[in-house]
Amino acid sequence: MPCIFCEIENVIFENELAKCFYDKFPVNQGHILIVPKRHCNDYFSLKSEEKHSIDELIMRSKMLIDSIYRPEGYNIGVNCGEVAGQTIFHCHIHIIPRYRNDMDEP
Ligand code: 5GP
Ligand code: ZN
């Protein structure tokens with residue numbers, strides 16, 4: 001079955017084992033997803049060297065988001081499994097910039 005994250009074209013950064021790109025339906029401005037280049041279902045399937053490559057891209061993404069959007073904080077998160085909210089079964093890490101009062105009720 002084709003996988004959208006295997007075939008993503010608008011890559012922001014990549015290294016040997018990982019790549020990152022903007023979320024198509026961002027929770028907040030600057031929301032980035034970081035994925036291993038190798039297709040695997042979830043975080044628990046990652047090899048340690050892939051985690052290392054992902055971590056490097058988390059830091060590079062933070063620097064990029066800081067410079068463009070100037071957030072005041074971040075959520076970094078991973079959904080593992082359908083019941084936990086995972087909708088795309090190619091492992092991905094969310095890096096979501098946060099701004100004061102950004103999730104307040106209207
Ligand atoms: P999950 O709910 O599996 O943790 O997160 C999947 C994420 O992928 C969601 O935040 C969703 O907005 C994002 N997404 C869904 N389809 C696409 C797509 O085609 N391209 C990109 N860049 N992101 C997508
Ligand atoms: Zn994939």
# chains A, B, ... in the order shown; residues from 1 in each chain; ligands from 1
$ residues_near_ligand --ligand "ligand 1" --cutoff "9 Å" --atoms "only C-alpha atoms and all ligand atoms" --output "PyMOL selection string"
chain A and resi 4-5+8+10+20-27+31-33+77-82+84-94
$ select_by_dssp --residues "chain A" --states "alpha helix (DSSP H)" --output "count of residues only"
22
$ residues_around --residues "A:Glu49" --least-positions-apart "6" --cutoff "10 Å" --atoms "only C-alpha atoms" --output "list of chain:residue names"
A:Glu16, A:Leu17, A:Ala18, A:Asp55
$ residues_around --residues "stretch 74-76 of chain A" --least-positions-apart "5" --cutoff "6 Å" --atoms "only C-alpha atoms" --output "JSON, numbers by chain"
{"A": [94, 95, 96, 97, 98]}
$ write_last_selection --atoms "N, CA and C atoms" --output "tab-separated table (two decimals), in the first residue's frame"
chain	number	residue	atom	x	y	z
A	94	HIS	N	5.76	14.79	16.19
A	94	HIS	CA	5.21	16.14	16.02
A	94	HIS	C	6.07	17.12	16.79
A	95	ILE	N	6.43	18.23	16.16
A	95	ILE	CA	7.02	19.33	16.90
A	95	ILE	C	6.12	20.54	16.67
A	96	ILE	N	5.46	20.92	17.76
A	96	ILE	CA	4.39	21.91	17.68
A	96	ILE	C	4.79	23.15	18.48
A	97	PRO	N	5.01	24.28	17.79
A	97	PRO	CA	5.34	25.50	18.52
A	97	PRO	C	4.11	26.01	19.29
A	98	ARG	N	4.34	26.58	20.44
A	98	ARG	CA	3.25	27.09	21.28
A	98	ARG	C	3.42	28.58	21.54
$ atom_distance --atom1 "atom CA of A:Arg70" --atom2 "atom CA of A:Arg100"
11.3 Å
$ select_by_dssp --residues "chain A" --states "strand (DSSP E or B)" --output "list in words"
Phe13, Glu14, Ala18, Lys19, Cys20, Phe21, Tyr22, Ile32, Leu33, Ile34, Val35, Pro36, Gly73, Tyr74, Asn75, Ile76, Gly77, Ile93, His94, Ile95, Ile96, Pro97 and Arg98 of chain A
